[in-house]
file my_file_26.pdb (PDB, C-alpha atoms)
ATOM      1  CA  MET J1103       0.000   0.000   0.000
ATOM      2  CA  LYS J1104       1.312   3.437  -0.912
ATOM      3  CA  ARG J1105       1.432   6.357   1.492
ATOM      4  CA  PHE J1106      -1.511   8.754   1.726
ATOM      5  CA  THR J1107      -2.791  11.436   4.071
ATOM      6  CA  HIS J1108      -5.540  10.349   6.476
ATOM      7  CA  ILE J1109      -7.939  13.124   7.537
ATOM      8  CA  ASP J1110     -10.739  13.088  10.139
ATOM      9  CA  PRO J1111     -13.238  15.860   9.322
ATOM     10  CA  ALA J1112     -15.766  16.787  12.009
ATOM     11  CA  THR J1113     -18.644  17.637   9.643
ATOM     12  CA  ILE J1114     -19.985  16.710   6.228
ATOM     13  CA  GLU J1115     -19.279  20.255   5.091
ATOM     14  CA  GLU J1116     -15.622  19.872   6.026
ATOM     15  CA  ALA J1117     -15.435  16.512   4.239
ATOM     16  CA  VAL J1118     -16.921  18.030   1.085
ATOM     17  CA  PHE J1119     -14.457  20.933   1.285
ATOM     18  CA  LEU J1120     -11.565  18.465   1.463
ATOM     19  CA  LEU J1121     -12.820  16.551  -1.573
ATOM     20  CA  GLU J1122     -12.978  19.817  -3.480
ATOM     21  CA  GLU J1123      -9.483  20.761  -2.321
ATOM     22  CA  TYR J1124      -7.964  17.490  -3.505
ATOM     23  CA  GLN J1125      -9.712  17.752  -6.888
ATOM     24  CA  GLY J1126     -10.352  14.064  -7.447
ATOM     25  CA  ALA J1127      -7.221  12.845  -5.659
ATOM     26  CA  ALA J1128      -9.035  11.880  -2.432
ATOM     27  CA  ARG J1129     -11.466   9.143  -1.433
ATOM     28  CA  VAL J1130     -13.838   8.841   1.494
ATOM     29  CA  ILE J1131     -13.812   5.892   3.867
ATOM     30  CA  ALA J1132     -16.636   4.649   6.075
ATOM     31  CA  GLY J1133     -16.282   0.952   6.951
ATOM     32  CA  GLY J1134     -13.441   0.526   4.461
ATOM     33  CA  SER J1135     -14.109  -3.099   3.514
ATOM     34  CA  ASP J1136     -14.066  -2.233  -0.214
ATOM     35  CA  LEU J1137     -11.763   0.789  -0.165
ATOM     36  CA  VAL J1138      -8.894  -0.841   1.737
ATOM     37  CA  GLY J1139      -8.764  -3.723  -0.740
ATOM     38  CA  GLY J1140      -8.591  -1.218  -3.581
ATOM     39  CA  LEU J1141      -5.736   0.627  -1.870
ATOM     40  CA  LYS J1142      -3.779  -2.570  -1.250
ATOM     41  CA  ASP J1143      -4.213  -3.765  -4.820
ATOM     42  CA  ASN J1144      -3.450  -0.328  -6.334
ATOM     43  CA  LEU J1145      -6.737  -0.705  -8.157
ATOM     44  CA  TRP J1146      -7.226   2.767  -9.604
ATOM     45  CA  MET J1147      -5.360   4.500 -12.371
ATOM     46  CA  ARG J1148      -4.816   7.445 -10.007
ATOM     47  CA  TYR J1149      -3.769   6.487  -6.477
ATOM     48  CA  PRO J1150      -5.450   8.757  -3.898
ATOM     49  CA  LYS J1151      -3.333  11.348  -2.122
ATOM     50  CA  ALA J1152      -5.744  11.442   0.820
ATOM     51  CA  VAL J1153      -8.371   9.290   2.501
ATOM     52  CA  ILE J1154     -11.118  11.233   4.244
ATOM     53  CA  ASN J1155     -12.572   9.347   7.195
ATOM     54  CA  LEU J1156     -16.296   9.877   7.800
ATOM     55  CA  LYS J1157     -16.545   7.855  10.993
ATOM     56  CA  ALA J1158     -15.897  10.825  13.292
ATOM     57  CA  ILE J1159     -18.848  12.804  11.902
ATOM     58  CA  PRO J1160     -21.819  12.634  14.298
ATOM     59  CA  GLY J1161     -25.405  11.906  13.289
ATOM     60  CA  LEU J1162     -24.716   9.535  10.399
ATOM     61  CA  ARG J1163     -25.479   6.241  12.113
ATOM     62  CA  ASP J1164     -29.103   6.607  13.222
ATOM     63  CA  ILE J1165     -31.870   4.204  12.226
ATOM     64  CA  ARG J1166     -35.390   5.434  12.875
ATOM     65  CA  ALA J1167     -38.919   5.042  11.541
ATOM     66  CA  ASP J1168     -41.008   8.192  11.195
ATOM     67  CA  ALA J1169     -44.504   8.683   9.856
ATOM     68  CA  ASP J1170     -43.194   8.945   6.301
ATOM     69  CA  GLY J1171     -40.907   5.913   6.395
ATOM     70  CA  LEU J1172     -37.479   4.607   7.376
ATOM     71  CA  HIS J1173     -34.454   6.857   7.767
ATOM     72  CA  ILE J1174     -31.006   5.220   7.841
ATOM     73  CA  GLY J1175     -27.757   7.086   8.353
ATOM     74  CA  ALA J1176     -25.025   6.376   5.827
ATOM     75  CA  LEU J1177     -22.690   4.981   8.499
ATOM     76  CA  ALA J1178     -25.183   2.502   9.968
ATOM     77  CA  THR J1179     -23.455  -0.862   9.748
ATOM     78  CA  LEU J1180     -24.967  -3.806   7.943
ATOM     79  CA  THR J1181     -25.200  -5.609  11.284
ATOM     80  CA  GLU J1182     -27.156  -2.710  12.755
ATOM     81  CA  VAL J1183     -29.548  -2.679   9.796
ATOM     82  CA  ALA J1184     -29.981  -6.462   9.886
ATOM     83  CA  GLU J1185     -30.638  -6.560  13.633
ATOM     84  CA  SER J1186     -32.780  -3.438  13.904
ATOM     85  CA  ALA J1187     -36.251  -4.318  15.202
ATOM     86  CA  VAL J1188     -37.608  -1.323  13.294
ATOM     87  CA  VAL J1189     -36.199  -2.533   9.968
ATOM     88  CA  ARG J1190     -37.125  -6.158  10.509
ATOM     89  CA  GLU J1191     -40.719  -5.269  11.328
ATOM     90  CA  GLY J1192     -41.444  -2.745   8.592
ATOM     91  CA  TRP J1193     -38.917  -3.565   5.871
ATOM     92  CA  PRO J1194     -37.955  -7.249   6.296
ATOM     93  CA  GLY J1195     -36.561  -7.548   2.774
ATOM     94  CA  LEU J1196     -33.929  -4.940   3.553
ATOM     95  CA  ALA J1197     -33.092  -6.504   6.916
ATOM     96  CA  GLU J1198     -32.585  -9.888   5.241
ATOM     97  CA  ALA J1199     -30.430  -8.383   2.491
ATOM     98  CA  ALA J1200     -28.164  -6.785   5.097
ATOM     99  CA  ARG J1201     -28.033 -10.066   7.050
ATOM    100  CA  ARG J1202     -26.976 -12.013   3.972
ATOM    101  CA  THR J1203     -24.126  -9.648   3.056
ATOM    102  CA  GLY J1204     -20.606 -10.949   3.626
ATOM    103  CA  SER J1205     -19.510 -12.500   6.900
ATOM    104  CA  PRO J1206     -20.351 -11.343  10.449
ATOM    105  CA  LEU J1207     -17.007  -9.548  10.711
ATOM    106  CA  LEU J1208     -17.571  -7.718   7.437
ATOM    107  CA  ARG J1209     -21.111  -6.776   8.444
ATOM    108  CA  ASN J1210     -19.798  -5.345  11.686
ATOM    109  CA  ILE J1211     -17.633  -2.822   9.826
ATOM    110  CA  GLY J1212     -19.356  -2.476   6.436
ATOM    111  CA  THR J1213     -21.892   0.339   6.139
ATOM    112  CA  ILE J1214     -25.179   0.549   4.269
ATOM    113  CA  ALA J1215     -23.892   3.437   2.141
ATOM    114  CA  GLY J1216     -20.627   1.656   1.411
ATOM    115  CA  ASN J1217     -22.502  -1.436   0.294
ATOM    116  CA  ILE J1218     -24.387   0.439  -2.412
ATOM    117  CA  CYS J1219     -21.339   2.499  -3.437
ATOM    118  CA  GLN J1220     -18.889  -0.369  -3.921
ATOM    119  CA  GLU J1221     -17.434  -0.823  -7.368
ATOM    120  CA  ASN J1222     -18.521  -3.481  -9.815
ATOM    121  CA  ARG J1223     -16.915  -6.896  -9.516
ATOM    122  CA  CYS J1224     -14.678  -8.371 -12.206
ATOM    123  CA  TRP J1225     -11.407 -10.186 -11.706
ATOM    124  CA  TYR J1226      -9.869  -8.450 -14.728
ATOM    125  CA  TYR J1227     -10.761  -4.971 -13.487
ATOM    126  CA  ARG J1228      -9.715  -5.781  -9.904
ATOM    127  CA  TYR J1229      -6.544  -7.685 -10.775
ATOM    128  CA  PRO J1230      -3.906  -6.629  -8.198
ATOM    129  CA  HIS J1231      -1.232  -4.327  -9.595
ATOM    130  CA  LYS J1232       1.404  -6.103  -7.475
ATOM    131  CA  LEU J1233       0.930  -9.356  -9.449
ATOM    132  CA  GLY J1234       2.768  -8.254 -12.550
ATOM    133  CA  GLY J1235       0.928  -5.008 -13.204
ATOM    134  CA  ARG J1236      -2.726  -4.078 -13.649
ATOM    135  CA  ILE J1237      -4.778  -5.450 -16.515
ATOM    136  CA  ASN J1238      -5.995  -2.646 -18.746
ATOM    137  CA  CYS J1239      -9.526  -3.781 -19.407
ATOM    138  CA  VAL J1240     -12.062  -1.468 -21.000
ATOM    139  CA  ARG J1241     -12.869   0.082 -17.613
ATOM    140  CA  LYS J1242      -9.199   1.058 -17.245
ATOM    141  CA  GLY J1243      -8.689   2.622 -20.626
ATOM    142  CA  GLY J1244      -8.307  -0.541 -22.687
ATOM    143  CA  THR J1245     -10.120  -1.186 -25.938
ATOM    144  CA  ARG J1246     -12.200  -4.214 -24.945
ATOM    145  CA  CYS J1247     -13.786  -6.143 -22.103
ATOM    146  CA  LEU J1248     -11.480  -9.074 -21.466
ATOM    147  CA  ALA J1249     -14.185 -11.048 -19.670
ATOM    148  CA  VAL J1250     -16.272 -11.423 -22.834
ATOM    149  CA  THR J1251     -13.694 -13.698 -24.447
ATOM    150  CA  GLY J1252     -12.152 -14.794 -21.133
ATOM    151  CA  ASP J1253     -13.520 -16.117 -17.860
ATOM    152  CA  HIS J1254     -17.008 -14.633 -17.455
ATOM    153  CA  ARG J1255     -18.651 -17.201 -15.175
ATOM    154  CA  TYR J1256     -19.979 -14.564 -12.774
ATOM    155  CA  HIS J1257     -20.625 -11.736 -15.219
ATOM    156  CA  SER J1258     -23.658 -10.105 -16.857
ATOM    157  CA  ILE J1259     -26.307 -12.229 -18.582
ATOM    158  CA  PHE J1260     -28.048  -9.161 -20.015
ATOM    159  CA  GLY J1261     -25.330  -7.961 -22.342
ATOM    160  CA  ALA J1262     -22.894  -5.141 -21.748
ATOM    161  CA  VAL J1263     -23.129  -1.449 -21.089
ATOM    162  CA  LYS J1264     -20.343   0.238 -23.098
ATOM    163  CA  LYS J1265     -18.744  -3.190 -23.657
ATOM    164  CA  CYS J1266     -18.244  -3.993 -19.925
ATOM    165  CA  VAL J1267     -19.928  -7.084 -18.461
ATOM    166  CA  ALA J1268     -18.896  -6.613 -14.815
ATOM    167  CA  VAL J1269     -21.819  -6.926 -12.398
ATOM    168  CA  ASN J1270     -22.994  -4.884  -9.451
ATOM    169  CA  PRO J1271     -22.147  -6.935  -6.324
ATOM    170  CA  SER J1272     -24.389  -5.310  -3.702
ATOM    171  CA  ASP J1273     -26.951  -7.297  -1.695
ATOM    172  CA  THR J1274     -28.711  -4.301  -0.176
ATOM    173  CA  ALA J1275     -29.023  -2.488  -3.527
ATOM    174  CA  PRO J1276     -31.804  -4.714  -4.957
ATOM    175  CA  ALA J1277     -33.723  -4.480  -1.678
ATOM    176  CA  LEU J1278     -33.496  -0.692  -1.738
ATOM    177  CA  VAL J1279     -34.546  -0.622  -5.405
ATOM    178  CA  ALA J1280     -37.523  -2.882  -4.688
ATOM    179  CA  LEU J1281     -38.521  -0.622  -1.789
ATOM    180  CA  ASP J1282     -38.204   2.537  -3.942
ATOM    181  CA  ALA J1283     -35.603   4.140  -1.667
ATOM    182  CA  VAL J1284     -34.065   7.584  -2.009
ATOM    183  CA  VAL J1285     -30.328   8.179  -1.568
ATOM    184  CA  GLN J1286     -29.627  11.389   0.330
ATOM    185  CA  THR J1287     -26.312  13.108  -0.316
ATOM    186  CA  SER J1288     -24.498  16.271   0.627
ATOM    187  CA  LYS J1289     -25.981  17.859  -2.529
ATOM    188  CA  ARG J1290     -29.324  16.283  -3.365
ATOM    189  CA  ALA J1291     -31.849  13.483  -3.052
ATOM    190  CA  ILE J1292     -31.419  10.779  -5.711
ATOM    191  CA  PRO J1293     -34.187   8.234  -6.397
ATOM    192  CA  ILE J1294     -32.581   4.807  -6.192
ATOM    193  CA  ASP J1295     -33.593   3.942  -9.761
ATOM    194  CA  GLY J1296     -31.279   6.700 -10.974
ATOM    195  CA  PHE J1297     -28.398   6.138  -8.555
ATOM    196  CA  PHE J1298     -26.417   3.356 -10.224
ATOM    197  CA  SER J1299     -24.277   4.036 -13.273
ATOM    198  CA  ALA J1300     -22.390   1.660 -15.526
ATOM    199  CA  GLU J1301     -20.083   4.391 -16.848
ATOM    200  CA  LEU J1302     -16.597   3.221 -17.699
ATOM    201  CA  GLY J1303     -13.842   3.626 -15.141
ATOM    202  CA  ALA J1304     -14.242   3.252 -11.411
ATOM    203  CA  GLN J1305     -17.561   5.076 -11.290
ATOM    204  CA  SER J1306     -20.451   2.712 -10.547
ATOM    205  CA  THR J1307     -22.816   5.401  -9.255
ATOM    206  CA  VAL J1308     -23.851   8.899 -10.344
ATOM    207  CA  LEU J1309     -22.118  10.489  -7.352
ATOM    208  CA  GLU J1310     -20.003  13.481  -8.292
ATOM    209  CA  GLY J1311     -16.411  13.827  -7.126
ATOM    210  CA  ASP J1312     -17.281  16.093  -4.191
ATOM    211  CA  GLU J1313     -20.560  14.381  -3.257
ATOM    212  CA  ILE J1314     -21.040  12.194  -0.174
ATOM    213  CA  VAL J1315     -23.920   9.886   0.716
ATOM    214  CA  THR J1316     -25.379  11.006   4.044
ATOM    215  CA  GLY J1317     -28.328   8.654   4.409
ATOM    216  CA  LEU J1318     -31.146   6.636   2.895
ATOM    217  CA  PHE J1319     -34.895   7.094   3.020
ATOM    218  CA  VAL J1320     -37.242   4.136   2.468
ATOM    219  CA  PRO J1321     -40.957   4.969   2.232
ATOM    220  CA  ASN J1322     -43.649   2.987   4.001
ATOM    221  CA  GLN J1323     -45.301   0.321   1.870
ATOM    222  CA  GLY J1324     -48.675   0.914   3.482
ATOM    223  CA  PRO J1325     -51.441  -1.605   4.248
ATOM    224  CA  GLY J1326     -50.926  -4.973   2.621
ATOM    225  CA  GLY J1327     -47.268  -4.299   1.853
ATOM    226  CA  LYS J1328     -44.639  -7.018   2.221
ATOM    227  CA  SER J1329     -41.032  -7.402   1.123
ATOM    228  CA  ALA J1330     -38.551 -10.256   0.785
ATOM    229  CA  PHE J1331     -34.987 -10.946  -0.297
ATOM    230  CA  GLN J1332     -33.257 -14.120  -1.461
ATOM    231  CA  LYS J1333     -29.712 -14.886  -2.525
ATOM    232  CA  ILE J1334     -27.841 -17.683  -4.281
ATOM    233  CA  ALA J1335     -24.086 -17.850  -3.634
ATOM    234  CA  VAL J1336     -21.371 -20.491  -3.795
ATOM    235  CA  ARG J1337     -20.780 -20.186  -0.048
ATOM    236  CA  LYS J1338     -23.759 -18.830   1.882
ATOM    237  CA  SER J1339     -21.563 -17.559   4.701
ATOM    238  CA  ILE J1340     -19.545 -14.947   2.812
ATOM    239  CA  ASP J1341     -19.630 -14.941  -0.997
ATOM    240  CA  PHE J1342     -20.975 -12.319  -3.337
ATOM    241  CA  ALA J1343     -24.198 -13.383  -4.973
ATOM    242  CA  LEU J1344     -24.310 -15.389  -8.151
ATOM    243  CA  VAL J1345     -27.860 -14.037  -8.323
ATOM    244  CA  ASN J1346     -29.959 -12.229  -5.739
ATOM    245  CA  CYS J1347     -33.450 -10.802  -5.805
ATOM    246  CA  ALA J1348     -35.681  -8.511  -3.779
ATOM    247  CA  ALA J1349     -39.386  -7.838  -4.115
ATOM    248  CA  ALA J1350     -41.826  -5.425  -2.507
ATOM    249  CA  VAL J1351     -45.477  -6.308  -3.034
ATOM    250  CA  THR J1352     -48.728  -4.703  -1.925
ATOM    251  CA  CYS J1353     -51.833  -6.874  -2.117
ATOM    252  CA  LEU J1354     -55.405  -5.783  -1.400
ATOM    253  CA  ASP J1355     -58.346  -8.181  -1.578
ATOM    254  CA  GLY J1356     -55.991 -10.905  -2.699
ATOM    255  CA  VAL J1357     -54.593  -9.185  -5.798
ATOM    256  CA  VAL J1358     -51.427  -7.195  -6.453
ATOM    257  CA  THR J1359     -51.937  -3.423  -6.454
ATOM    258  CA  ALA J1360     -48.240  -2.443  -6.416
ATOM    259  CA  VAL J1361     -45.036  -4.402  -6.999
ATOM    260  CA  ARG J1362     -41.331  -3.760  -7.566
ATOM    261  CA  ILE J1363     -38.877  -6.584  -8.287
ATOM    262  CA  CYS J1364     -35.114  -6.241  -8.635
ATOM    263  CA  LEU J1365     -32.418  -8.736  -9.596
ATOM    264  CA  ASN J1366     -28.721  -8.208  -8.954
ATOM    265  CA  GLY J1367     -25.496  -9.976  -9.786
ATOM    266  CA  VAL J1368     -26.811 -10.359 -13.337
ATOM    267  CA  HIS J1369     -26.068  -7.010 -14.968
ATOM    268  CA  ASN J1370     -23.924  -3.875 -14.681
ATOM    269  CA  ASN J1371     -26.582  -2.235 -12.487
ATOM    270  CA  PRO J1372     -29.320  -3.679 -10.278
ATOM    271  CA  ARG J1373     -31.995  -4.720 -12.778
ATOM    272  CA  ARG J1374     -35.690  -3.943 -12.354
ATOM    273  CA  CYS J1375     -37.969  -6.691 -13.666
ATOM    274  CA  VAL J1376     -40.497  -4.296 -15.176
ATOM    275  CA  ALA J1377     -42.200  -6.848 -17.454
ATOM    276  CA  SER J1378     -42.726  -9.140 -14.471
ATOM    277  CA  GLU J1379     -44.135  -6.275 -12.451
ATOM    278  CA  ALA J1380     -46.611  -5.328 -15.156
ATOM    279  CA  ALA J1381     -47.793  -8.929 -15.527
ATOM    280  CA  LEU J1382     -48.573  -9.230 -11.808
ATOM    281  CA  LEU J1383     -50.724  -6.137 -11.391
ATOM    282  CA  GLY J1384     -54.341  -6.993 -10.682
ATOM    283  CA  ARG J1385     -53.577 -10.686 -10.196
ATOM    284  CA  PRO J1386     -52.920 -12.854  -7.148
ATOM    285  CA  ILE J1387     -49.461 -14.170  -6.374
ATOM    286  CA  ASN J1388     -49.441 -17.924  -6.611
ATOM    287  CA  GLY J1389     -47.270 -20.603  -8.136
ATOM    288  CA  GLU J1390     -48.493 -19.910 -11.666
ATOM    289  CA  THR J1391     -48.138 -16.116 -11.634
ATOM    290  CA  ALA J1392     -44.798 -16.305  -9.803
ATOM    291  CA  ARG J1393     -43.402 -18.691 -12.424
ATOM    292  CA  GLU J1394     -44.673 -16.423 -15.194
ATOM    293  CA  ALA J1395     -42.966 -13.445 -13.553
ATOM    294  CA  GLY J1396     -39.734 -15.435 -13.379
ATOM    295  CA  GLU J1397     -39.916 -16.285 -17.074
ATOM    296  CA  LEU J1398     -40.500 -12.650 -18.005
ATOM    297  CA  ALA J1399     -37.585 -11.545 -15.822
ATOM    298  CA  VAL J1400     -35.085 -13.416 -18.015
ATOM    299  CA  ALA J1401     -36.880 -13.168 -21.353
ATOM    300  CA  GLN J1402     -34.307 -10.665 -22.632
ATOM    301  CA  ALA J1403     -31.265 -12.381 -21.136
ATOM    302  CA  LYS J1404     -28.235 -12.869 -23.397
ATOM    303  CA  PRO J1405     -25.953 -15.099 -21.347
ATOM    304  CA  LEU J1406     -22.385 -15.758 -22.367
ATOM    305  CA  LEU J1407     -20.945 -19.235 -22.861
ATOM    306  CA  MET J1408     -19.852 -19.817 -19.253
ATOM    307  CA  ASN J1409     -22.643 -18.060 -17.331
ATOM    308  CA  ALA J1410     -25.791 -19.472 -18.924
ATOM    309  CA  PHE J1411     -26.497 -21.195 -15.598
ATOM    310  CA  LYS J1412     -27.454 -17.800 -14.161
ATOM    311  CA  ALA J1413     -30.597 -17.519 -16.301
ATOM    312  CA  PRO J1414     -32.527 -20.408 -14.688
ATOM    313  CA  MET J1415     -31.231 -19.257 -11.309
ATOM    314  CA  ALA J1416     -32.654 -15.782 -11.921
ATOM    315  CA  ARG J1417     -35.935 -17.192 -13.177
ATOM    316  CA  THR J1418     -36.347 -19.368 -10.099
ATOM    317  CA  ILE J1419     -35.232 -16.800  -7.542
ATOM    318  CA  VAL J1420     -37.749 -14.238  -8.848
ATOM    319  CA  ALA J1421     -40.573 -16.747  -8.396
ATOM    320  CA  ASP J1422     -39.362 -17.831  -4.951
ATOM    321  CA  THR J1423     -38.951 -14.240  -3.738
ATOM    322  CA  LEU J1424     -42.470 -13.333  -4.854
ATOM    323  CA  LEU J1425     -43.921 -16.353  -3.077
ATOM    324  CA  ALA J1426     -42.054 -15.310   0.074
ATOM    325  CA  CYS J1427     -44.071 -12.079  -0.019
ATOM    326  CA  VAL J1428     -47.417 -13.908   0.215
TER     327      VAL J1428
END

call {"tool": "encode", "arguments": {"input": "my_file_26.pdb", "output": "structure tokens"}}
result
Amino acid sequence: MKRFTHIDPATIEEAVFLLEEYQGAARVIAGGSDLVGGLKDNLWMRYPKAVINLKAIPGLRDIRADADGLHIGALATLTEVAESAVVREGWPGLAEAARRTGSPLLRNIGTIAGNICQENRCWYYRYPHKLGGRINCVRKGGTRCLAVTGDHRYHSIFGAVKKCVAVNPSDTAPALVALDAVVQTSKRAIPIDGFFSAELGAQSTVLEGDEIVTGLFVPNQGPGGKSAFQKIAVRKSIDFALVNCAAAVTCLDGVVTAVRICLNGVHNNPRRCVASEAALLGRPINGETAREAGELAVAQAKPLLMNAFKAPMARTIVADTLLACV
């Protein structure tokens, strides 16, 4: 790991000022479970001159339910979200997603904001610089995505955005998308559907260089609302998802009046299953409609040679997650 300056700002305003001062040569750290690995592996084309620690800033770790919905501070740990009685009661899909992220030790340090801001996963993009030099894939200025013709077992089954087939690795992201969350930053409020970006380079979100996530807002589902999350991974105890899925469903008089379904681990960004959602409106959720929703969720899939197994996984996990909401 190279040398850098470590700074402990006392306020968000001070942290933003420091980001502006360093003009793109600084990174923020919360839990650090993703950032520290990037620093050790010399992941980025431009090594940061400074790391700005957010942990000393007060008021960023609260979890509370108000009349309008759930408010979560950016620095709330995944363990705190998973074990919160408030979250488990009103937003069980999010609590389960946090519980299924990583290992207990990682959940104890990893934050909810960090989990949705982590960079996309690809072993070509993340190849450690110390092992013979970084691999210049398309996200690092190269001319092509090396995974397309290389080892793409865990990559996108829905094609590429700007030639890159790396997938979003977050477990909490699909739950937040299904629950129609809003990301609150030092500058603005960003609806979760517009938060994730598959732009080339290290940028996996729409956050600007001097912008910091300060919290998340998750609205109430209202009467008849339920949510669920499911995950398929090689090792349940720690691995990133091969495929995961979250759903938020509102049923009145036995039929669906509102539904949002999101897959992850299958595309550059968390992927809304909009065709599945449309097919469920006005109908009950049962084995037949859940299977139909699963089929529609992968109808446009274009798996590569080595990751075709993800398509039936995605189809099944959509159906199972919907049935868990009944």

call {"tool": "residues_around", "arguments": {"input": "my_file_26.pdb", "residues": "Ser1186 in chain J", "least_positions_apart": "6", "cutoff": "10 Å", "atoms": "all atoms listed in the file", "output": "ChimeraX atom specification"}}
result
/J:1165-1166,1180,1194,1197

call {"tool": "closest_residue", "arguments": {"input": "my_file_26.pdb", "among": "J:Lys1333, J:His1254, J:Arg1236, J:His1108", "to": "Ala1277 in chain J", "atoms": "all atoms listed in the file"}}
result
J:Lys1333

call {"tool": "closest_residue", "arguments": {"input": "my_file_26.pdb", "among": "J:Ala1187, J:Ala1178, J:Ile1237, J:Val1358", "to": "Asp1143 in chain J", "atoms": "only C-alpha atoms"}}
result
J:Ile1237

call {"tool": "residues_around", "arguments": {"input": "my_file_26.pdb", "residues": "Thr1287 in chain J", "least_positions_apart": "2", "cutoff": "8 Å", "atoms": "only C-alpha atoms", "output": "ChimeraX atom specification"}}
result
/J:1285,1289-1292,1313-1317

call {"tool": "residues_around", "arguments": {"input": "my_file_26.pdb", "residues": "Tyr1227 in chain J", "least_positions_apart": "3", "cutoff": "8 Å", "atoms": "all atoms listed in the file", "output": "PyMOL selection string"}}
result
chain J and resi 1145+1223-1224+1237-1239+1241-1242

call {"tool": "resolve_selection", "arguments": {"input": "my_file_26.pdb", "expression": "the PyMOL selection byres ((chain J and resi 1411) around 12)", "output": "VMD selection string"}}
result
chain J and resid 1254 to 1259 1334 1344 to 1345 1368 1400 1403 to 1410 1412 to 1418

call {"tool": "residues_near_point", "arguments": {"input": "my_file_26.pdb", "point": "(-32.5, 8.8, 3.7)", "cutoff": "7 Å", "atoms": "all atoms listed in the file", "output": "list in words"}}
result
His1173, Ile1174, Gly1175, Val1284, Val1285, Gln1286, Gly1317, Leu1318, Phe1319 and Val1320 of chain J

call {"tool": "resolve_selection", "arguments": {"input": "my_file_26.pdb", "expression": "the PyMOL selection byres ((chain J and resi 1206-1211) around 12)", "output": "PyMOL selection string"}}
result
chain J and resi 1131-1136+1157+1177-1185+1199-1205+1212-1217+1273-1274+1338-1341

call {"tool": "resolve_selection", "arguments": {"input": "my_file_26.pdb", "expression": "the PyMOL selection byres ((chain J and resi 1150-1154) around 12)", "output": "VMD selection string"}}
result
chain J and resid 1103 to 1114 1116 to 1134 1137 to 1138 1140 to 1142 1144 to 1149 1155 to 1159 1312 1314

call {"tool": "write_last_selection", "arguments": {"input": "my_file_26.pdb", "atoms": "C-alpha atoms", "output": "PDB file, in the coordinates of the input"}}
result
ATOM      1  CA  MET J1103       0.000   0.000   0.000  1.00  0.00           C
ATOM      2  CA  LYS J1104       1.312   3.437  -0.912  1.00  0.00           C
ATOM      3  CA  ARG J1105       1.432   6.357   1.492  1.00  0.00           C
ATOM      4  CA  PHE J1106      -1.511   8.754   1.726  1.00  0.00           C
ATOM      5  CA  THR J1107      -2.791  11.436   4.071  1.00  0.00           C
ATOM      6  CA  HIS J1108      -5.540  10.349   6.476  1.00  0.00           C
ATOM      7  CA  ILE J1109      -7.939  13.124   7.537  1.00  0.00           C
ATOM      8  CA  ASP J1110     -10.739  13.088  10.139  1.00  0.00           C
ATOM      9  CA  PRO J1111     -13.238  15.860   9.322  1.00  0.00           C
ATOM     10  CA  ALA J1112     -15.766  16.787  12.009  1.00  0.00           C
ATOM     11  CA  THR J1113     -18.644  17.637   9.643  1.00  0.00           C
ATOM     12  CA  ILE J1114     -19.985  16.710   6.228  1.00  0.00           C
ATOM     13  CA  GLU J1116     -15.622  19.872   6.026  1.00  0.00           C
ATOM     14  CA  ALA J1117     -15.435  16.512   4.239  1.00  0.00           C
ATOM     15  CA  VAL J1118     -16.921  18.030   1.085  1.00  0.00           C
ATOM     16  CA  PHE J1119     -14.457  20.933   1.285  1.00  0.00           C
ATOM     17  CA  LEU J1120     -11.565  18.465   1.463  1.00  0.00           C
ATOM     18  CA  LEU J1121     -12.820  16.551  -1.573  1.00  0.00           C
ATOM     19  CA  GLU J1122     -12.978  19.817  -3.480  1.00  0.00           C
ATOM     20  CA  GLU J1123      -9.483  20.761  -2.321  1.00  0.00           C
ATOM     21  CA  TYR J1124      -7.964  17.490  -3.505  1.00  0.00           C
ATOM     22  CA  GLN J1125      -9.712  17.752  -6.888  1.00  0.00           C
ATOM     23  CA  GLY J1126     -10.352  14.064  -7.447  1.00  0.00           C
ATOM     24  CA  ALA J1127      -7.221  12.845  -5.659  1.00  0.00           C
ATOM     25  CA  ALA J1128      -9.035  11.880  -2.432  1.00  0.00           C
ATOM     26  CA  ARG J1129     -11.466   9.143  -1.433  1.00  0.00           C
ATOM     27  CA  VAL J1130     -13.838   8.841   1.494  1.00  0.00           C
ATOM     28  CA  ILE J1131     -13.812   5.892   3.867  1.00  0.00           C
ATOM     29  CA  ALA J1132     -16.636   4.649   6.075  1.00  0.00           C
ATOM     30  CA  GLY J1133     -16.282   0.952   6.951  1.00  0.00           C
ATOM     31  CA  GLY J1134     -13.441   0.526   4.461  1.00  0.00           C
ATOM     32  CA  LEU J1137     -11.763   0.789  -0.165  1.00  0.00           C
ATOM     33  CA  VAL J1138      -8.894  -0.841   1.737  1.00  0.00           C
ATOM     34  CA  GLY J1140      -8.591  -1.218  -3.581  1.00  0.00           C
ATOM     35  CA  LEU J1141      -5.736   0.627  -1.870  1.00  0.00           C
ATOM     36  CA  LYS J1142      -3.779  -2.570  -1.250  1.00  0.00           C
ATOM     37  CA  ASN J1144      -3.450  -0.328  -6.334  1.00  0.00           C
ATOM     38  CA  LEU J1145      -6.737  -0.705  -8.157  1.00  0.00           C
ATOM     39  CA  TRP J1146      -7.226   2.767  -9.604  1.00  0.00           C
ATOM     40  CA  MET J1147      -5.360   4.500 -12.371  1.00  0.00           C
ATOM     41  CA  ARG J1148      -4.816   7.445 -10.007  1.00  0.00           C
ATOM     42  CA  TYR J1149      -3.769   6.487  -6.477  1.00  0.00           C
ATOM     43  CA  ASN J1155     -12.572   9.347   7.195  1.00  0.00           C
ATOM     44  CA  LEU J1156     -16.296   9.877   7.800  1.00  0.00           C
ATOM     45  CA  LYS J1157     -16.545   7.855  10.993  1.00  0.00           C
ATOM     46  CA  ALA J1158     -15.897  10.825  13.292  1.00  0.00           C
ATOM     47  CA  ILE J1159     -18.848  12.804  11.902  1.00  0.00           C
ATOM     48  CA  ASP J1312     -17.281  16.093  -4.191  1.00  0.00           C
ATOM     49  CA  ILE J1314     -21.040  12.194  -0.174  1.00  0.00           C
TER      50      ILE J1314
END
